[in-house]
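Worksheet for the structure shown next.
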Amino acid sequence: MVTRTINQLHFEDLDPIRFEELILAMVYRMRRWDKLDHFGKKGTDDGIDIRAVEKLENEKENAYYFQCKRYLKISNTEIRKIIDDYLARNATIPQFYVLVVSCSLTKKQIEYFESYCDNKGFNTVTVWTSSIIEAKLYSEYHDLLFAYFGVNLVSERKTLVGSIRRNVALKKQMKRDFLKQTGCRTREEIENRLHKPWTKFNHSEVLIRSIYDKAYPQNTLLDREFTGYYKAEVYDFYHNGLMVRAYPYVKNIKYKQESLNKQDEFEIIDLEVEILGCIPFENIIEYDVDGDEYYNYPHLFCDFVNVSDPYEKLVYLCNDGYMIDEDLVERD
């Protein structure tokens, strides 16, 4: 399942009038209203902050009354008081009554609100909780999300689209420059490219360089503590980037394997594996396929997101070609 994490909006950071203005801006776009009034700003709302009137085709009207409460939390007693205050000040019960609260309500609280309103003779009642308001803002009102909370989804989308286009273009270009363009002449070559994917590359090695390293080439690969650049052997492209053999190339690990005898249990086995580092295209800023006078093989200029390397993850390659994700490896 694809999920997306968004920041929770803090309605409590808005003052009560500003909160009402946000709801007014949302209500304004709901319909082509014949009349729209905002009473709360003057402080004499009679239990109504926003009134919106919709004219129907038969010349009849539907009236929507919105009462806005910017609360951090609300009790059943406060819910009952909101309804009682409205009835004490108004003889007319609207066709639609919407209670807007800036906090969350439990299922029982919503049922209590609906039941209490029904007993008092209300027609159709609705509650907009903080999660409902958030959902509307994130799905329908991106400009209001930016105006009131500084969240710019339009800019975020443009950034994501640009990033995807750039990574796809980089993948195509790298495959043209890094892979052999000639076909296989023998069955042996075909077998090699299938089971030894690094044989399809023009170069067996690459120099991985940090975009922040300014000491190159004075520092050398012999400097043990230096992390500005290092040599790696190419292994293969994967769906999101390039895999290389990461130093140290071979390691003994403890692998959590599902038990064949007991369901939902694991057994730990010892394996000797090769370590592969996965460099996503988004961390490859640029490359020079020709290299230079110091290292005459391709240079990858990368964002070292992990301080000493640009990998998004490590995978472990077994002798039979099976790859193990690092999440399944028992930590020392």
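Chain identifiers are assigned as A, B, and so on, following the order in which chains appear in the structure tokens; residues are numbered from 1 within each chain, and ligands are numbered from 1 in order of appearance.
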- Near Ala25 of chain A, within 8 Å and counting only C-alpha atoms, which residues show up once chain neighbours fewer than 4 positions away are dropped, as an NGL selection string? :A and (21 or 29 or 144)
For the selection just defined, write its residues with C-alpha atoms to a file, as a tab-separated table (two decimals), in the first residue's frame.
chain	number	residue	atom	x	y	z
A	21	GLU	CA	-12.19	33.08	8.20
A	29	ARG	CA	-16.30	27.38	-2.57
A	144	LEU	CA	-5.79	27.96	1.60
- Task: Would you mind listing what lies within 8 Å of Asn123 of chain A as a list in words, with only C-alpha atoms counted and same-chain residues fewer than 3 positions away left out?
- Result: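 With the cut-off at 8 Å, the set is Ile93, Pro94, Gln95, Phe96, Tyr97 and Asp118 of chain A.
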- Message: I'd like to know which residues of segment 18-120 of chain A are strand (DSSP E or B) (by DSSP, run on the backbone); could you write them as a VMD selection string?
- Response: chain A and resid 35 to 38 50 to 55 61 to 69 96 to 101
- For Ile50 of chain A, which of A:Ile74, A:Pro298, A:Leu24, A:Met243 is the closest residue, counting only C-alpha atoms?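 Under the stated criterion, the closest residue is A:Leu24.
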- Task: Please identify all polymer residues within 6 Å of segment 33-37 of chain A, counting only C-alpha atoms, omitting same-chain residues fewer than 4 positions from it, and present them as a PyMOL selection string.
- Result: chain A and resi 50-55
Please, could you write that set of residues out with C-alpha atoms as a PDB file, in the first residue's frame?
ATOM      1  CA  ILE A  50     -21.517  31.667   9.008  1.00  0.00           C
ATOM      2  CA  ARG A  51     -24.848  31.558   7.180  1.00  0.00           C
ATOM      3  CA  ALA A  52     -24.987  30.377   3.581  1.00  0.00           C
ATOM      4  CA  VAL A  53     -28.192  30.347   1.529  1.00  0.00           C
ATOM      5  CA  GLU A  54     -28.584  28.233  -1.592  1.00  0.00           C
ATOM      6  CA  LYS A  55     -31.425  28.970  -4.035  1.00  0.00           C
TER       7      LYS A  55
END
- Could you tell me which of A:Ile48, A:Thr124, A:Leu300, A:Thr106 comes closest to Asp85 of chain A if we count only C-alpha atoms?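 Closest candidate: A:Ile48.
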- Item | Which residue of A:Tyr229, A:Tyr238, A:Tyr295, A:Tyr112 approaches Phe281 of chain A most closely, using only C-alpha atoms |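 Checking each candidate against Phe281 of chain A, we get A:Tyr238 as the closest.
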- Which neighbours of Ala169 of chain A fall inside 12 Å, counting only C-alpha atoms, when residues of the same chain fewer than 4 positions from it are skipped, and could you give them as number ranges by chain? A: 162-165, 173-176, 241, 281-282, 286
- Item | 9 Å contact set for Leu9 of chain A, only C-alpha atoms, chain neighbours under 5 positions out, as a list in words |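 Contacts, with the query itself left out: Ser130, Glu134 and Phe149 of chain A.
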Nearby residues (only C-alpha atoms) at most 9 Å from Val154 of chain A, same-chain spacing under 3 positions excluded, as an mmCIF file with all heavy atoms, in the first residue's frame:
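The resulting file, part-v9.cif, is shown below:
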data_model
loop_
_atom_site.group_PDB
_atom_site.id
_atom_site.type_symbol
_atom_site.label_atom_id
_atom_site.label_comp_id
_atom_site.auth_asym_id
_atom_site.auth_seq_id
_atom_site.Cartn_x
_atom_site.Cartn_y
_atom_site.Cartn_z
ATOM 1 N N HIS A 142 -5.631 23.736 -1.805
ATOM 2 C CA HIS A 142 -4.187 23.855 -1.616
ATOM 3 C C HIS A 142 -3.757 25.296 -1.377
ATOM 4 O O HIS A 142 -2.790 25.544 -0.648
ATOM 5 C CB HIS A 142 -3.452 23.283 -2.831
ATOM 6 C CG HIS A 142 -3.639 21.805 -2.988
ATOM 7 N ND1 HIS A 142 -3.206 21.110 -4.098
ATOM 8 C CD2 HIS A 142 -4.220 20.883 -2.174
ATOM 9 C CE1 HIS A 142 -3.511 19.832 -3.955
ATOM 10 N NE2 HIS A 142 -4.129 19.671 -2.814
ATOM 11 N N ASP A 143 -4.449 26.243 -1.990
ATOM 12 C CA ASP A 143 -4.071 27.645 -1.798
ATOM 13 C C ASP A 143 -4.364 28.104 -0.371
ATOM 14 O O ASP A 143 -3.606 28.872 0.228
ATOM 15 C CB ASP A 143 -4.780 28.548 -2.808
ATOM 16 C CG ASP A 143 -6.296 28.440 -2.731
ATOM 17 O OD1 ASP A 143 -6.799 27.344 -2.423
ATOM 18 O OD2 ASP A 143 -6.988 29.448 -2.992
ATOM 19 N N VAL A 151 1.889 25.641 3.951
ATOM 20 C CA VAL A 151 2.175 24.351 3.318
ATOM 21 C C VAL A 151 1.924 24.490 1.820
ATOM 22 O O VAL A 151 0.778 24.698 1.402
ATOM 23 C CB VAL A 151 1.293 23.226 3.911
ATOM 24 C CG1 VAL A 151 1.569 21.901 3.205
ATOM 25 C CG2 VAL A 151 1.523 23.109 5.408
ATOM 26 N N ARG A 157 4.657 19.329 -5.441
ATOM 27 C CA ARG A 157 4.342 18.482 -6.595
ATOM 28 C C ARG A 157 5.293 18.789 -7.754
ATOM 29 O O ARG A 157 5.797 17.873 -8.411
ATOM 30 C CB ARG A 157 2.894 18.696 -7.027
ATOM 31 C CG ARG A 157 2.484 17.819 -8.211
ATOM 32 C CD ARG A 157 1.068 18.110 -8.663
ATOM 33 N NE ARG A 157 0.689 17.236 -9.762
ATOM 34 C CZ ARG A 157 1.011 17.437 -11.039
ATOM 35 N NH1 ARG A 157 1.740 18.498 -11.373
ATOM 36 N NH2 ARG A 157 0.625 16.595 -11.978
ATOM 37 N N LYS A 158 5.537 20.078 -8.002
ATOM 38 C CA LYS A 158 6.455 20.444 -9.078
ATOM 39 C C LYS A 158 7.847 19.882 -8.830
ATOM 40 O O LYS A 158 8.517 19.409 -9.750
ATOM 41 C CB LYS A 158 6.518 21.969 -9.228
ATOM 42 C CG LYS A 158 5.262 22.594 -9.816
ATOM 43 C CD LYS A 158 5.418 24.099 -9.950
ATOM 44 C CE LYS A 158 4.175 24.731 -10.573
ATOM 45 N NZ LYS A 158 4.303 26.208 -10.673
ATOM 46 N N THR A 159 8.276 19.913 -7.562
ATOM 47 C CA THR A 159 9.584 19.374 -7.206
ATOM 48 C C THR A 159 9.634 17.875 -7.451
ATOM 49 O O THR A 159 10.611 17.349 -7.997
ATOM 50 C CB THR A 159 9.902 19.677 -5.734
ATOM 51 O OG1 THR A 159 9.911 21.090 -5.525
ATOM 52 C CG2 THR A 159 11.257 19.106 -5.342
#
- Proximity to Tyr322 of chain A - best of A:Lys108, A:Arg245, A:His195, A:Lys81, only C-alpha atoms: A:His195
- Message: For a quick check of understanding, using only C-alpha atoms, which of A:Lys60, A:His299, A:His10, A:Lys172 has the smallest distance to Gly150 of chain A?
- Response: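 Among the listed residues, the smallest separation from Gly150 of chain A belongs to A:His10.
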- Please indicate the distance in Å from atom CA of Asp84 of chain A to atom CA of Phe11 of chain A, rounded to one decimal place.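 Taking atom CA of Asp84 of chain A as the start and atom CA of Phe11 of chain A as the end point, the length is 25.1 Å.
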Just asking: which residues within segment 33-153 of chain A are alpha helix (DSSP H) according to DSSP, as a compact mmCIF listing (two decimals) with C-alpha atoms, in the first residue's frame?
# COMPACT_ATOMS: atom_id res chain seq x y z
CA ASN A 76 -20.40 16.23 25.66
CA THR A 77 -21.41 18.97 28.10
CA GLU A 78 -19.85 21.60 25.85
CA ILE A 79 -21.50 20.07 22.79
CA ARG A 80 -24.88 20.23 24.51
CA LYS A 81 -24.23 23.86 25.59
CA ILE A 82 -23.44 24.89 21.98
CA ILE A 83 -26.81 23.55 20.80
CA ASP A 84 -28.70 24.99 23.77
CA ASP A 85 -27.14 28.43 23.25
CA TYR A 86 -28.19 28.37 19.61
CA LEU A 87 -31.79 27.45 20.47
CA ALA A 88 -31.95 30.11 23.19
CA ARG A 89 -31.08 32.81 20.66
CA LYS A 107 -17.48 8.04 17.57
CA LYS A 108 -19.59 8.22 20.73
CA GLN A 109 -19.33 12.01 20.85
CA ILE A 110 -20.48 12.33 17.25
CA GLU A 111 -23.39 9.98 17.94
CA TYR A 112 -24.25 12.01 21.06
CA PHE A 113 -24.24 15.26 19.04
CA GLU A 114 -26.46 13.76 16.34
CA SER A 115 -28.87 12.26 18.88
CA TYR A 116 -29.12 15.46 20.94
CA CYS A 117 -29.78 17.56 17.81
CA ASP A 118 -32.40 15.08 16.65
CA ASN A 119 -34.19 15.32 19.99
CA SER A 130 -9.94 18.68 12.63
CA SER A 131 -9.29 15.59 10.49
CA ILE A 132 -12.18 16.46 8.15
CA ILE A 133 -10.92 20.02 7.75
CA GLU A 134 -7.39 18.74 7.11
CA ALA A 135 -8.63 16.28 4.49
CA LYS A 136 -10.52 19.01 2.66
CA LEU A 137 -7.54 21.35 2.72
CA TYR A 138 -5.05 18.75 1.51
CA SER A 139 -7.33 17.41 -1.22
CA HIS A 142 -4.19 23.85 -1.62
CA ASP A 143 -4.07 27.65 -1.80
CA LEU A 144 -5.79 27.96 1.60
CA LEU A 145 -3.35 25.40 3.01
CA PHE A 146 -0.53 27.68 1.93
CA ALA A 147 -2.21 30.96 2.93
CA TYR A 148 -3.10 29.83 6.47
CA PHE A 149 -0.37 27.29 7.27
CA LEU A 153 1.71 21.35 -2.08
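Of the residues listed (A:Leu207, A:Ile285, A:Ala246, A:Val168), A:Ala246 shows the shortest atom-to-atom separation from Lys313 of chain A; distances use only C-alpha atoms.
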